[in-house]
$ cat coords11.csv   # CSV, C-alpha atoms
chain,number,residue,atom,x,y,z
A,13,MET,CA,3.0,18.8,21.7
A,14,LYS,CA,3.6,15.5,19.9
A,15,THR,CA,-0.1,14.8,20.1
A,16,VAL,CA,-0.9,18.2,18.7
A,17,ILE,CA,1.5,17.7,15.8
A,18,ALA,CA,0.1,14.3,15.1
A,19,LEU,CA,-3.4,15.7,15.1
A,20,PHE,CA,-2.4,18.4,12.7
A,21,ALA,CA,-0.7,15.8,10.5
A,22,ALA,CA,-3.9,13.7,10.5
A,23,LEU,CA,-6.0,16.7,9.6
A,24,LEU,CA,-3.6,17.6,6.8
A,25,ILE,CA,-3.7,14.1,5.4
A,26,SER,CA,-7.4,13.6,5.4
A,27,PRO,CA,-9.8,16.2,6.9
A,28,GLN,CA,-13.0,14.2,6.1
A,29,LEU,CA,-12.1,11.1,8.1
A,30,ALA,CA,-13.7,12.1,11.4
A,31,ALA,CA,-17.1,11.5,9.9
A,32,GLU,CA,-16.3,8.0,8.9
A,33,GLN,CA,-17.1,6.1,12.0
A,34,ALA,CA,-20.4,7.9,12.3
A,35,THR,CA,-21.7,6.6,9.0
A,36,VAL,CA,-20.5,2.9,9.0
A,37,ALA,CA,-22.4,0.5,11.2
A,38,PRO,CA,-20.2,-1.4,13.7
A,39,ALA,CA,-19.4,-5.1,13.4
A,40,PRO,CA,-21.7,-7.5,15.4
A,41,ASN,CA,-19.0,-7.8,18.1
A,42,GLY,CA,-19.1,-4.0,18.6
A,43,ILE,CA,-15.9,-3.2,16.8
A,44,THR,CA,-16.2,0.1,14.9
A,45,ILE,CA,-14.3,0.6,11.6
A,46,PRO,CA,-10.9,2.1,12.2
A,47,GLU,CA,-10.7,5.7,11.1
A,48,GLY,CA,-8.5,6.6,8.2
A,49,TYR,CA,-7.3,3.1,7.3
A,50,GLU,CA,-7.2,4.1,3.7
A,51,ASN,CA,-4.2,6.3,4.6
A,52,TRP,CA,-2.2,3.6,6.3
A,53,ARG,CA,1.1,2.4,5.0
A,54,LEU,CA,1.9,-0.9,3.3
A,55,ILE,CA,2.6,-4.1,5.2
A,56,ALA,CA,2.3,-6.6,2.3
A,57,ILE,CA,0.3,-7.7,-0.7
A,58,SER,CA,-1.0,-11.1,-1.8
A,59,GLN,CA,-3.1,-13.0,-4.2
A,60,ARG,CA,-5.5,-15.9,-3.5
A,61,THR,CA,-5.7,-18.3,-6.4
A,62,GLU,CA,-8.8,-20.2,-5.3
A,63,SER,CA,-10.9,-17.0,-5.0
A,64,GLN,CA,-9.1,-15.0,-7.7
A,65,THR,CA,-8.6,-12.1,-5.4
A,66,LEU,CA,-5.8,-9.5,-4.9
A,67,ARG,CA,-5.2,-8.1,-1.4
A,68,ALA,CA,-3.3,-5.2,0.1
A,69,ILE,CA,-2.4,-5.4,3.8
A,70,LEU,CA,-2.0,-2.0,5.4
A,71,GLY,CA,-1.0,-1.2,9.0
A,72,ASN,CA,-1.5,1.6,11.5
A,73,SER,CA,1.6,3.4,12.8
A,74,ILE,CA,2.1,0.9,15.6
A,75,ALA,CA,1.9,-1.9,13.1
A,76,ILE,CA,4.4,-0.3,10.7
A,77,GLU,CA,6.9,0.5,13.5
A,78,ALA,CA,6.7,-3.1,14.7
A,79,ALA,CA,7.0,-4.5,11.2
A,80,ARG,CA,10.1,-2.4,10.4
A,81,GLN,CA,11.7,-3.4,13.6
A,82,GLY,CA,10.9,-7.0,13.0
A,83,LYS,CA,9.0,-7.2,16.3
A,84,THR,CA,5.8,-8.9,15.1
A,85,ASN,CA,5.7,-12.1,17.2
A,86,PRO,CA,3.8,-11.0,19.1
A,87,TRP,CA,2.6,-7.9,17.4
A,88,PRO,CA,2.3,-5.1,20.0
A,89,ASN,CA,-1.0,-4.1,21.6
A,90,GLY,CA,-2.5,-1.3,19.5
A,91,THR,CA,-1.6,-2.9,16.2
A,92,ILE,CA,-4.3,-2.7,13.6
A,93,LEU,CA,-3.9,-4.6,10.3
A,94,ALA,CA,-6.3,-3.9,7.5
A,95,LYS,CA,-6.6,-6.3,4.6
A,96,LEU,CA,-8.3,-4.8,1.5
A,97,ASN,CA,-9.7,-7.4,-0.9
A,98,TRP,CA,-10.6,-7.1,-4.6
A,99,LYS,CA,-11.8,-9.5,-7.2
A,100,GLN,CA,-9.0,-9.7,-9.7
A,101,LYS,CA,-9.4,-9.0,-13.4
A,102,ALA,CA,-7.3,-8.9,-16.5
A,103,SER,CA,-6.0,-5.5,-17.5
A,104,ASP,CA,-7.3,-4.3,-20.8
A,105,LYS,CA,-4.1,-2.2,-21.2
A,106,PHE,CA,-1.3,-4.8,-20.6
A,107,ALA,CA,-1.8,-8.3,-21.8
A,108,THR,CA,-0.2,-10.2,-18.9
A,109,ALA,CA,-1.3,-7.9,-16.1
A,110,VAL,CA,-3.8,-8.8,-13.4
A,111,ILE,CA,-5.3,-5.8,-11.6
A,112,PRO,CA,-8.0,-5.1,-8.9
A,113,GLY,CA,-11.6,-5.3,-10.1
A,114,GLU,CA,-14.6,-5.0,-7.7
A,115,PHE,CA,-13.8,-4.1,-4.1
A,116,ILE,CA,-15.2,-6.9,-2.0
A,117,HIS,CA,-14.3,-6.4,1.6
A,118,ALA,CA,-12.0,-4.8,4.2
A,119,ASP,CA,-10.9,-7.0,7.0
A,120,PHE,CA,-9.4,-5.8,10.3
A,121,MET,CA,-7.4,-7.4,13.1
A,122,ILE,CA,-7.0,-5.3,16.2
A,123,LYS,CA,-4.5,-6.4,18.8
A,124,ASP,CA,-5.5,-6.1,22.4
A,125,SER,CA,-4.3,-9.0,24.4
A,126,GLN,CA,-6.7,-8.2,27.3
A,127,LYS,CA,-9.8,-7.0,25.6
A,128,TYR,CA,-9.8,-9.8,22.9
A,129,VAL,CA,-8.3,-12.6,25.0
A,130,ALA,CA,-11.3,-14.9,24.0
A,131,THR,CA,-10.1,-14.7,20.3
A,132,GLY,CA,-6.3,-15.0,20.8
A,133,GLY,CA,-5.7,-11.3,21.6
A,134,TRP,CA,-7.1,-10.1,18.3
A,135,GLY,CA,-10.4,-8.4,17.6
A,136,TYR,CA,-11.7,-9.3,14.2
A,137,ALA,CA,-14.1,-7.4,11.9
A,138,ARG,CA,-15.0,-7.2,8.3
A,139,TRP,CA,-17.0,-4.7,6.2
A,140,LEU,CA,-18.4,-5.7,2.8
A,141,GLY,CA,-18.2,-3.8,-0.4
A,142,GLN,CA,-18.3,-0.1,-1.2
A,143,GLN,CA,-21.4,0.0,1.1
A,144,GLN,CA,-19.3,-1.1,4.1
A,145,GLN,CA,-21.9,-3.5,5.4
A,146,PRO,CA,-20.7,-5.2,8.6
A,147,TYR,CA,-20.1,-9.0,8.2
A,148,GLY,CA,-21.6,-11.5,10.5
A,149,LYS,CA,-25.1,-12.2,11.9
A,150,ASP,CA,-24.0,-12.0,15.5
A,151,ALA,CA,-20.8,-11.7,17.6
A,152,SER,CA,-20.0,-15.4,17.0
A,153,PHE,CA,-18.7,-14.6,13.5
A,154,ALA,CA,-15.3,-13.9,15.1
A,155,ALA,CA,-15.0,-17.5,16.0
A,156,GLU,CA,-14.9,-18.2,12.2
A,157,CYS,CA,-12.0,-15.8,11.8
A,158,GLN,CA,-10.2,-17.1,14.8
A,159,GLY,CA,-10.7,-20.7,13.6
A,160,CYS,CA,-8.9,-20.1,10.4
A,161,HIS,CA,-6.2,-17.9,11.9
A,162,SER,CA,-5.4,-20.6,14.6
A,163,ALA,CA,-3.4,-22.3,11.8
A,164,VAL,CA,-0.7,-19.6,12.4
A,165,GLN,CA,-0.9,-19.4,16.2
A,166,ASP,CA,2.9,-19.7,16.2
A,167,GLN,CA,3.2,-16.3,14.5
A,168,ASP,CA,0.6,-14.6,16.6
A,169,PHE,CA,-2.3,-15.6,14.4
A,170,VAL,CA,-1.2,-13.4,11.5
A,171,PHE,CA,-0.7,-15.1,8.1
A,172,THR,CA,0.9,-12.0,6.6
A,173,THR,CA,4.7,-11.5,6.6
A,174,ALA,CA,5.6,-7.8,6.3
A,175,VAL,CA,7.6,-6.9,3.2
A,176,LYS,CA,11.1,-5.7,3.8
A,177,LEU,CA,11.8,-2.6,1.7
A,178,PRO,CA,15.3,-1.3,0.9
B,229,MET,CA,2.8,27.3,9.0
B,230,LYS,CA,1.4,24.5,6.8
B,231,THR,CA,5.0,23.8,5.6
B,232,VAL,CA,6.2,23.7,9.2
B,233,ILE,CA,3.4,21.3,10.1
B,234,ALA,CA,4.1,19.1,7.1
B,235,LEU,CA,7.8,19.0,8.0
B,236,PHE,CA,7.0,18.0,11.6
B,237,ALA,CA,4.6,15.3,10.2
B,238,ALA,CA,7.3,14.0,8.0
B,239,LEU,CA,9.8,13.9,10.8
B,240,LEU,CA,7.3,12.1,13.0
B,241,ILE,CA,6.6,9.5,10.4
B,242,SER,CA,10.2,8.6,9.6
B,243,PRO,CA,13.1,10.5,11.1
B,244,GLN,CA,15.8,8.6,9.2
B,245,LEU,CA,14.6,9.4,5.7
B,246,ALA,CA,16.7,12.5,5.2
B,247,ALA,CA,19.8,10.3,4.9
B,248,GLU,CA,18.3,8.2,2.1
B,249,GLN,CA,19.2,10.3,-0.9
B,250,ALA,CA,22.8,10.6,0.2
B,251,THR,CA,23.4,6.9,0.1
B,252,VAL,CA,21.6,5.8,-3.1
B,253,ALA,CA,23.3,6.6,-6.4
B,254,PRO,CA,21.2,8.6,-8.8
B,255,ALA,CA,19.7,7.1,-12.0
B,256,PRO,CA,21.8,7.7,-15.2
B,257,ASN,CA,19.4,10.5,-16.2
B,258,GLY,CA,20.1,12.4,-13.0
B,259,ILE,CA,17.0,11.5,-11.1
B,260,THR,CA,17.6,10.9,-7.4
B,261,ILE,CA,15.5,8.4,-5.5
B,262,PRO,CA,12.4,10.1,-3.9
B,263,GLU,CA,12.7,10.4,-0.2
B,264,GLY,CA,10.4,8.4,2.0
B,265,TYR,CA,8.5,6.6,-0.7
B,266,GLU,CA,8.1,3.6,1.6
B,267,ASN,CA,5.7,5.7,3.6
B,268,TRP,CA,3.5,6.7,0.7
B,269,ARG,CA,-0.1,5.6,0.4
B,270,LEU,CA,-1.6,3.0,-1.8
B,271,ILE,CA,-2.6,3.7,-5.4
B,272,ALA,CA,-3.1,0.1,-6.6
B,273,ILE,CA,-1.7,-3.4,-6.7
B,274,SER,CA,-1.1,-5.8,-9.6
B,275,GLN,CA,0.3,-9.1,-10.7
B,276,ARG,CA,2.2,-9.8,-13.9
B,277,THR,CA,1.7,-13.4,-15.0
B,278,GLU,CA,4.5,-13.6,-17.5
B,279,SER,CA,7.2,-12.5,-15.0
B,280,GLN,CA,5.4,-14.0,-11.9
B,281,THR,CA,5.7,-10.8,-10.0
B,282,LEU,CA,3.5,-8.9,-7.5
B,283,ARG,CA,3.5,-5.1,-7.4
B,284,ALA,CA,2.4,-2.4,-5.1
B,285,ILE,CA,1.9,1.1,-6.6
B,286,LEU,CA,2.2,3.9,-4.1
B,287,GLY,CA,1.8,7.7,-4.6
B,288,ASN,CA,3.1,10.8,-3.0
B,289,SER,CA,0.5,13.2,-1.5
B,290,ILE,CA,0.0,15.0,-4.8
B,291,ALA,CA,-0.7,11.7,-6.5
B,292,ILE,CA,-3.0,10.5,-3.8
B,293,GLU,CA,-5.1,13.7,-3.8
B,294,ALA,CA,-5.4,13.5,-7.6
B,295,ALA,CA,-6.3,9.8,-7.6
B,296,ARG,CA,-9.1,10.4,-5.0
B,297,GLN,CA,-10.5,13.3,-6.9
B,298,GLY,CA,-10.3,11.3,-10.1
B,299,LYS,CA,-8.1,13.9,-11.7
B,300,THR,CA,-5.5,11.7,-13.3
B,301,ASN,CA,-5.7,12.4,-17.0
B,302,PRO,CA,-3.4,14.2,-16.9
B,303,TRP,CA,-1.8,13.6,-13.5
B,304,PRO,CA,-0.8,17.0,-12.0
B,305,ASN,CA,2.8,18.2,-12.0
B,306,GLY,CA,4.5,17.0,-8.8
B,307,THR,CA,2.9,13.6,-9.0
B,308,ILE,CA,5.3,10.8,-8.2
B,309,LEU,CA,4.3,7.1,-8.6
B,310,ALA,CA,6.4,4.4,-7.1
B,311,LYS,CA,6.0,0.8,-8.2
B,312,LEU,CA,7.5,-1.8,-5.9
B,313,ASN,CA,8.1,-5.2,-7.5
B,314,TRP,CA,8.6,-8.6,-5.9
B,315,LYS,CA,9.1,-12.0,-7.3
B,316,GLN,CA,6.0,-13.9,-6.2
B,317,LYS,CA,6.1,-17.1,-4.3
B,318,ALA,CA,3.7,-19.6,-2.8
B,319,SER,CA,2.9,-19.1,0.9
B,320,ASP,CA,3.9,-21.9,3.2
B,321,LYS,CA,1.1,-20.9,5.6
B,322,PHE,CA,-1.9,-20.9,3.3
B,323,ALA,CA,-2.2,-23.3,0.4
B,324,THR,CA,-3.7,-21.0,-2.2
B,325,ALA,CA,-2.0,-17.8,-1.3
B,326,VAL,CA,0.7,-16.1,-3.4
B,327,ILE,CA,2.9,-13.6,-1.6
B,328,PRO,CA,5.9,-11.4,-2.2
B,329,GLY,CA,9.3,-13.1,-2.4
B,330,GLU,CA,12.5,-11.4,-3.4
B,331,PHE,CA,12.3,-7.7,-3.8
B,332,ILE,CA,13.5,-7.0,-7.3
B,333,HIS,CA,13.1,-3.3,-8.1
B,334,ALA,CA,11.4,0.0,-7.3
B,335,ASP,CA,10.3,2.1,-10.3
B,336,PHE,CA,9.3,5.7,-10.3
B,337,MET,CA,7.4,8.1,-12.6
B,338,ILE,CA,7.8,11.8,-11.8
B,339,LYS,CA,5.4,14.2,-13.5
B,340,ASP,CA,6.9,17.5,-14.7
B,341,SER,CA,5.5,18.5,-18.0
B,342,GLN,CA,8.3,21.0,-18.6
B,343,LYS,CA,11.3,19.3,-17.3
B,344,TYR,CA,10.5,15.9,-18.8
B,345,VAL,CA,8.9,17.0,-22.0
B,346,ALA,CA,11.2,14.7,-24.0
B,347,THR,CA,9.7,11.7,-22.3
B,348,GLY,CA,6.0,12.6,-22.4
B,349,GLY,CA,6.1,14.8,-19.2
B,350,TRP,CA,7.4,12.0,-17.0
B,351,GLY,CA,10.8,11.3,-15.6
B,352,TYR,CA,11.5,7.6,-15.3
B,353,ALA,CA,13.9,5.9,-12.9
B,354,ARG,CA,14.4,2.4,-11.4
B,355,TRP,CA,16.6,1.1,-8.6
B,356,LEU,CA,17.4,-2.6,-8.4
B,357,GLY,CA,17.1,-4.8,-5.4
B,358,GLN,CA,17.7,-4.2,-1.7
B,359,GLN,CA,21.0,-2.6,-2.8
B,360,GLN,CA,19.1,0.1,-4.8
B,361,GLN,CA,21.4,0.0,-7.8
B,362,PRO,CA,20.4,2.5,-10.4
B,363,TYR,CA,19.1,0.8,-13.6
B,364,GLY,CA,20.4,1.8,-17.1
B,365,LYS,CA,23.8,2.2,-18.6
B,366,ASP,CA,23.2,5.8,-19.6
B,367,ALA,CA,20.4,8.4,-19.8
B,368,SER,CA,18.9,6.6,-22.9
B,369,PHE,CA,17.4,4.0,-20.6
B,370,ALA,CA,14.4,6.3,-20.2
B,371,ALA,CA,13.5,5.8,-23.9
B,372,GLU,CA,12.9,2.1,-23.1
B,373,CYS,CA,10.4,3.1,-20.3
B,374,GLN,CA,8.8,5.7,-22.5
B,375,GLY,CA,8.5,3.3,-25.4
B,376,CYS,CA,6.4,0.8,-23.5
B,377,HIS,CA,4.3,3.5,-21.7
B,378,SER,CA,3.4,5.1,-25.0
B,379,ALA,CA,0.9,2.3,-25.3
B,380,VAL,CA,-1.2,4.2,-22.8
B,381,GLN,CA,-0.6,7.8,-24.0
B,382,ASP,CA,-4.3,8.3,-23.9
B,383,GLN,CA,-4.2,8.0,-20.1
B,384,ASP,CA,-1.2,10.1,-19.6
B,385,PHE,CA,1.3,7.2,-20.1
B,386,VAL,CA,0.2,5.5,-16.8
B,387,PHE,CA,-0.9,1.9,-16.9
B,388,THR,CA,-2.2,1.9,-13.4
B,389,THR,CA,-5.8,2.8,-12.5
B,390,ALA,CA,-6.0,3.9,-8.9
B,391,VAL,CA,-8.2,1.7,-6.7
B,392,LYS,CA,-11.4,3.3,-5.3
B,393,LEU,CA,-11.8,2.6,-1.6
B,394,PRO,CA,-15.0,3.0,0.3
$ encode --input "coords11.csv" --output "structure tokens"
Amino acid sequence: MKTVIALFAALLISPQLAAEQATVAPAPNGITIPEGYENWRLIAISQRTESQTLRAILGNSIAIEAARQGKTNPWPNGTILAKLNWKQKASDKFATAVIPGEFIHADFMIKDSQKYVATGGWGYARWLGQQQQPYGKDASFAAECQGCHSAVQDQDFVFTTAVKLP
Amino acid sequence: MKTVIALFAALLISPQLAAEQATVAPAPNGITIPEGYENWRLIAISQRTESQTLRAILGNSIAIEAARQGKTNPWPNGTILAKLNWKQKASDKFATAVIPGEFIHADFMIKDSQKYVATGGWGYARWLGQQQQPYGKDASFAAECQGCHSAVQDQDFVFTTAVKLP
């Protein structure tokens, strides 16, 4: 029954999502783009000064539940984190506001400590731009992700700290 | 039936939300804090350079639907926008990353062109900090909100432009 309700809920929220995977090419390591990530809830936001980008980090339900319970080291299997990246630009409506400009890529970390044991228990994938082109020439691209994320191995390879809302 | 399903969906997502309104004092203009806003989906993010703050703008289902259809001038009645504001701070994990620090306030705009005709069709409210203290000494605080937002009367008093995701 719970599954049926969840399915109904998913359909209510976004009926067109089922078609998504069929139209976006998988990453070179075989990971397919998670369905419906644009409807996931907020984990955090950030800015990168060197690249002048703004980012929103969203999480699937498993991620949100873990974040709200403070159980993120390690994150549970089934967690998916989505980082949405935009070039930043100055607002033309408010002098001191910086807002999202061009959408540049969507990045994903999928936790499965067995399946992705070779990359620290996380499957990495990125799709570029509005066209959602998979990033990476071959499956070795994930080593690049893993290399950088190894700096935060002590927090399960995740840079982001979930925001704590009232 | 749709209402029943939506109710089930809301319960699945966050069973503890019903208690929220009972524990947060209303704004001086009588607006009560919208239930479950922490589960709403992403409209946009922003940074304010003068106050060194990061913001996430979330929307209720009516807002999200309007944003995705590009029907936001005017936003439909029933729209609620939530802006979550944090002091920014430097990440201690990534040299060029700026991330949310202290949570400072949650701001709301509630569209009802009849009820809030005196303030441009929008009801304004703000709650401060993790304690969710209502902002404003009396109901006149909304004139302060309205005064600033009048700069964007040509886009229905909303500064934010919804991001367009792939």
$ interface_residues --input "coords11.csv" --of "chain A" --to "chain B" --cutoff "8 Å" --atoms "only C-alpha atoms" --output "VMD selection string"
chain A and resid 17 to 18 20 to 21 24 50 to 54 56 to 62 66 to 68 105 to 106 108 to 112 115 141 to 144 163 to 164 171 175 to 178
$ calpha_fit_and_write --input "coords11.csv" --fixed "chain A" --moving "chain B" --output "compact mmCIF listing (two decimals) with C-alpha atoms, keeping the file's coordinate frame"
# COMPACT_ATOMS: atom_id res chain seq x y z
CA MET B 229 2.97 18.55 21.90
CA LYS B 230 3.60 15.29 20.01
CA THR B 231 -0.18 14.55 20.24
CA VAL B 232 -0.96 18.02 18.92
CA ILE B 233 1.48 17.50 16.05
CA ALA B 234 0.07 14.08 15.26
CA LEU B 235 -3.46 15.50 15.25
CA PHE B 236 -2.44 18.30 12.87
CA ALA B 237 -0.72 15.63 10.65
CA ALA B 238 -3.83 13.61 10.61
CA LEU B 239 -5.98 16.57 9.74
CA LEU B 240 -3.59 17.51 6.96
CA ILE B 241 -3.65 14.07 5.48
CA SER B 242 -7.41 13.63 5.38
CA PRO B 243 -9.75 16.18 6.89
CA GLN B 244 -12.94 14.21 6.18
CA LEU B 245 -12.03 11.09 8.12
CA ALA B 246 -13.61 12.11 11.39
CA ALA B 247 -17.05 11.57 9.85
CA GLU B 248 -16.27 7.99 8.82
CA GLN B 249 -17.13 6.15 12.00
CA ALA B 250 -20.48 7.88 12.27
CA THR B 251 -21.71 6.55 8.98
CA VAL B 252 -20.51 2.92 8.99
CA ALA B 253 -22.41 0.47 11.18
CA PRO B 254 -20.29 -1.37 13.69
CA ALA B 255 -19.45 -5.10 13.36
CA PRO B 256 -21.76 -7.46 15.38
CA ASN B 257 -19.05 -7.78 18.05
CA GLY B 258 -19.04 -4.04 18.65
CA ILE B 259 -15.95 -3.15 16.74
CA THR B 260 -16.21 0.13 14.84
CA ILE B 261 -14.37 0.61 11.58
CA PRO B 262 -10.86 2.16 12.17
CA GLU B 263 -10.68 5.71 11.07
CA GLY B 264 -8.52 6.62 8.13
CA TYR B 265 -7.28 3.17 7.29
CA GLU B 266 -7.14 4.13 3.61
CA ASN B 267 -4.20 6.31 4.49
CA TRP B 268 -2.21 3.63 6.26
CA ARG B 269 1.09 2.35 4.95
CA LEU B 270 1.86 -0.86 3.23
CA ILE B 271 2.55 -4.08 5.14
CA ALA B 272 2.28 -6.57 2.24
CA ILE B 273 0.30 -7.68 -0.77
CA SER B 274 -1.03 -11.10 -1.80
CA GLN B 275 -3.09 -13.06 -4.24
CA ARG B 276 -5.44 -15.92 -3.44
CA THR B 277 -5.69 -18.32 -6.38
CA GLU B 278 -8.76 -20.20 -5.28
CA SER B 279 -10.92 -17.05 -4.91
CA GLN B 280 -9.06 -15.06 -7.68
CA THR B 281 -8.59 -12.11 -5.44
CA LEU B 282 -5.82 -9.51 -4.91
CA ARG B 283 -5.16 -8.05 -1.46
CA ALA B 284 -3.36 -5.15 0.01
CA ILE B 285 -2.44 -5.35 3.73
CA LEU B 286 -1.96 -2.00 5.38
CA GLY B 287 -0.98 -1.16 9.01
CA ASN B 288 -1.54 1.65 11.39
CA SER B 289 1.59 3.45 12.72
CA ILE B 290 2.01 0.99 15.57
CA ALA B 291 1.94 -1.88 13.11
CA ILE B 292 4.29 -0.23 10.71
CA GLU B 293 6.89 0.56 13.40
CA ALA B 294 6.72 -3.04 14.64
CA ALA B 295 6.96 -4.53 11.14
CA ARG B 296 10.10 -2.41 10.37
CA GLN B 297 11.75 -3.35 13.59
CA GLY B 298 10.85 -6.97 13.01
CA LYS B 299 8.96 -7.12 16.26
CA THR B 300 5.85 -8.94 15.15
CA ASN B 301 5.74 -12.11 17.18
CA PRO B 302 3.81 -10.98 19.06
CA TRP B 303 2.53 -7.80 17.40
CA PRO B 304 2.31 -5.03 20.06
CA ASN B 305 -1.00 -3.98 21.58
CA GLY B 306 -2.51 -1.19 19.45
CA THR B 307 -1.55 -2.88 16.23
CA ILE B 308 -4.28 -2.74 13.63
CA LEU B 309 -3.99 -4.61 10.28
CA ALA B 310 -6.33 -3.85 7.47
CA LYS B 311 -6.69 -6.23 4.54
CA LEU B 312 -8.34 -4.80 1.46
CA ASN B 313 -9.69 -7.39 -0.98
CA TRP B 314 -10.58 -7.06 -4.65
CA LYS B 315 -11.81 -9.49 -7.18
CA GLN B 316 -8.98 -9.69 -9.70
CA LYS B 317 -9.41 -9.09 -13.35
CA ALA B 318 -7.32 -9.02 -16.49
CA SER B 319 -6.02 -5.58 -17.54
CA ASP B 320 -7.22 -4.31 -20.87
CA LYS B 321 -4.03 -2.23 -21.19
CA PHE B 322 -1.36 -4.85 -20.66
CA ALA B 323 -1.81 -8.43 -21.79
CA THR B 324 -0.25 -10.24 -18.86
CA ALA B 325 -1.26 -7.97 -16.07
CA VAL B 326 -3.85 -8.82 -13.40
CA ILE B 327 -5.37 -5.89 -11.54
CA PRO B 328 -7.99 -5.14 -8.95
CA GLY B 329 -11.63 -5.36 -10.03
CA GLU B 330 -14.59 -5.11 -7.72
CA PHE B 331 -13.80 -4.18 -4.20
CA ILE B 332 -15.26 -6.93 -2.08
CA HIS B 333 -14.32 -6.40 1.57
CA ALA B 334 -12.00 -4.77 4.09
CA ASP B 335 -10.91 -6.95 7.04
CA PHE B 336 -9.31 -5.82 10.22
CA MET B 337 -7.31 -7.39 13.08
CA ILE B 338 -6.97 -5.25 16.21
CA LYS B 339 -4.41 -6.36 18.78
CA ASP B 340 -5.45 -6.01 22.44
CA SER B 341 -4.28 -8.92 24.46
CA GLN B 342 -6.66 -8.09 27.30
CA LYS B 343 -9.74 -7.00 25.60
CA TYR B 344 -9.71 -9.73 22.96
CA VAL B 345 -8.33 -12.55 25.01
CA ALA B 346 -11.20 -14.82 23.93
CA THR B 347 -10.05 -14.59 20.35
CA GLY B 348 -6.29 -14.99 20.79
CA GLY B 349 -5.64 -11.25 21.59
CA TRP B 350 -7.14 -10.02 18.34
CA GLY B 351 -10.43 -8.41 17.55
CA TYR B 352 -11.71 -9.35 14.13
CA ALA B 353 -14.08 -7.35 11.93
CA ARG B 354 -15.00 -7.15 8.21
CA TRP B 355 -17.05 -4.68 6.20
CA LEU B 356 -18.45 -5.69 2.83
CA GLY B 357 -18.19 -3.78 -0.37
CA GLN B 358 -18.25 -0.07 -1.17
CA GLN B 359 -21.33 0.06 1.10
CA GLN B 360 -19.23 -1.12 4.12
CA GLN B 361 -21.85 -3.52 5.44
CA PRO B 362 -20.74 -5.17 8.61
CA TYR B 363 -20.12 -8.94 8.13
CA GLY B 364 -21.63 -11.57 10.53
CA LYS B 365 -25.06 -12.22 11.87
CA ASP B 366 -23.97 -11.94 15.48
CA ALA B 367 -20.80 -11.66 17.61
CA SER B 368 -20.00 -15.41 16.97
CA PHE B 369 -18.71 -14.50 13.54
CA ALA B 370 -15.34 -13.81 15.15
CA ALA B 371 -14.97 -17.54 16.00
CA GLU B 372 -14.92 -18.24 12.23
CA CYS B 373 -11.98 -15.74 11.79
CA GLN B 374 -10.23 -17.09 14.82
CA GLY B 375 -10.68 -20.67 13.70
CA CYS B 376 -8.83 -20.19 10.44
CA HIS B 377 -6.11 -17.92 11.98
CA SER B 378 -5.33 -20.53 14.60
CA ALA B 379 -3.40 -22.24 11.86
CA VAL B 380 -0.73 -19.62 12.40
CA GLN B 381 -0.84 -19.32 16.23
CA ASP B 382 2.88 -19.68 16.22
CA GLN B 383 3.16 -16.28 14.51
CA ASP B 384 0.65 -14.56 16.59
CA PHE B 385 -2.35 -15.63 14.41
CA VAL B 386 -1.19 -13.41 11.47
CA PHE B 387 -0.74 -14.99 8.08
CA THR B 388 0.93 -12.00 6.59
CA THR B 389 4.71 -11.46 6.65
CA ALA B 390 5.51 -7.80 6.26
CA VAL B 391 7.54 -6.95 3.15
CA LYS B 392 11.10 -5.64 3.71
CA LEU B 393 11.80 -2.56 1.61
CA PRO B 394 15.22 -1.22 0.88
$ residues_around --input "coords11.csv" --residues "Tyr352 in chain B" --least-positions-apart "5" --cutoff "6 Å" --atoms "all atoms listed in the file" --output "PDB file with C-alpha atoms, in the frame of the given file"
ATOM      1  CA  PHE B 336       9.300   5.700 -10.300  1.00  0.00           C
ATOM      2  CA  MET B 337       7.400   8.100 -12.600  1.00  0.00           C
ATOM      3  CA  ALA B 370      14.400   6.300 -20.200  1.00  0.00           C
TER       4      ALA B 370
END
$ atom_distance --input "coords11.csv" --atom1 "CA of Pro86 in chain A" --atom2 "CA of Asp166 in chain A"
9.2 Å
$ atom_distance --input "coords11.csv" --atom1 "CA of Pro88 in chain A" --atom2 "CA of Asn288 in chain B"
28.0 Å
$ atom_distance --input "coords11.csv" --atom1 "CA of Arg296 in chain B" --atom2 "CA of Gly90 in chain A"
27.9 Å
$ residues_around --input "coords11.csv" --residues "Ala137 in chain A" --least-positions-apart "3" --cutoff "10 Å" --atoms "all atoms listed in the file" --output "NGL selection string"
:A and (38-45 or 94 or 118-122 or 134 or 146-148 or 151 or 153-154 or 157)
$ axis_aligned_box --input "coords11.csv" --around "range 156-173 of chain A" --padding-each-side "8 Å" --output "AutoDock Vina command-line options"
--center_x -5.1 --center_y -16.9 --center_z 11.6 --size_x 35.6 --size_y 26.8 --size_z 26.0
$ closest_residue --input "coords11.csv" --among "A:Lys123, A:Ile116, A:Gln145, A:Asn85" --to "Gln165 in chain A" --atoms "only C-alpha atoms"
A:Asn85
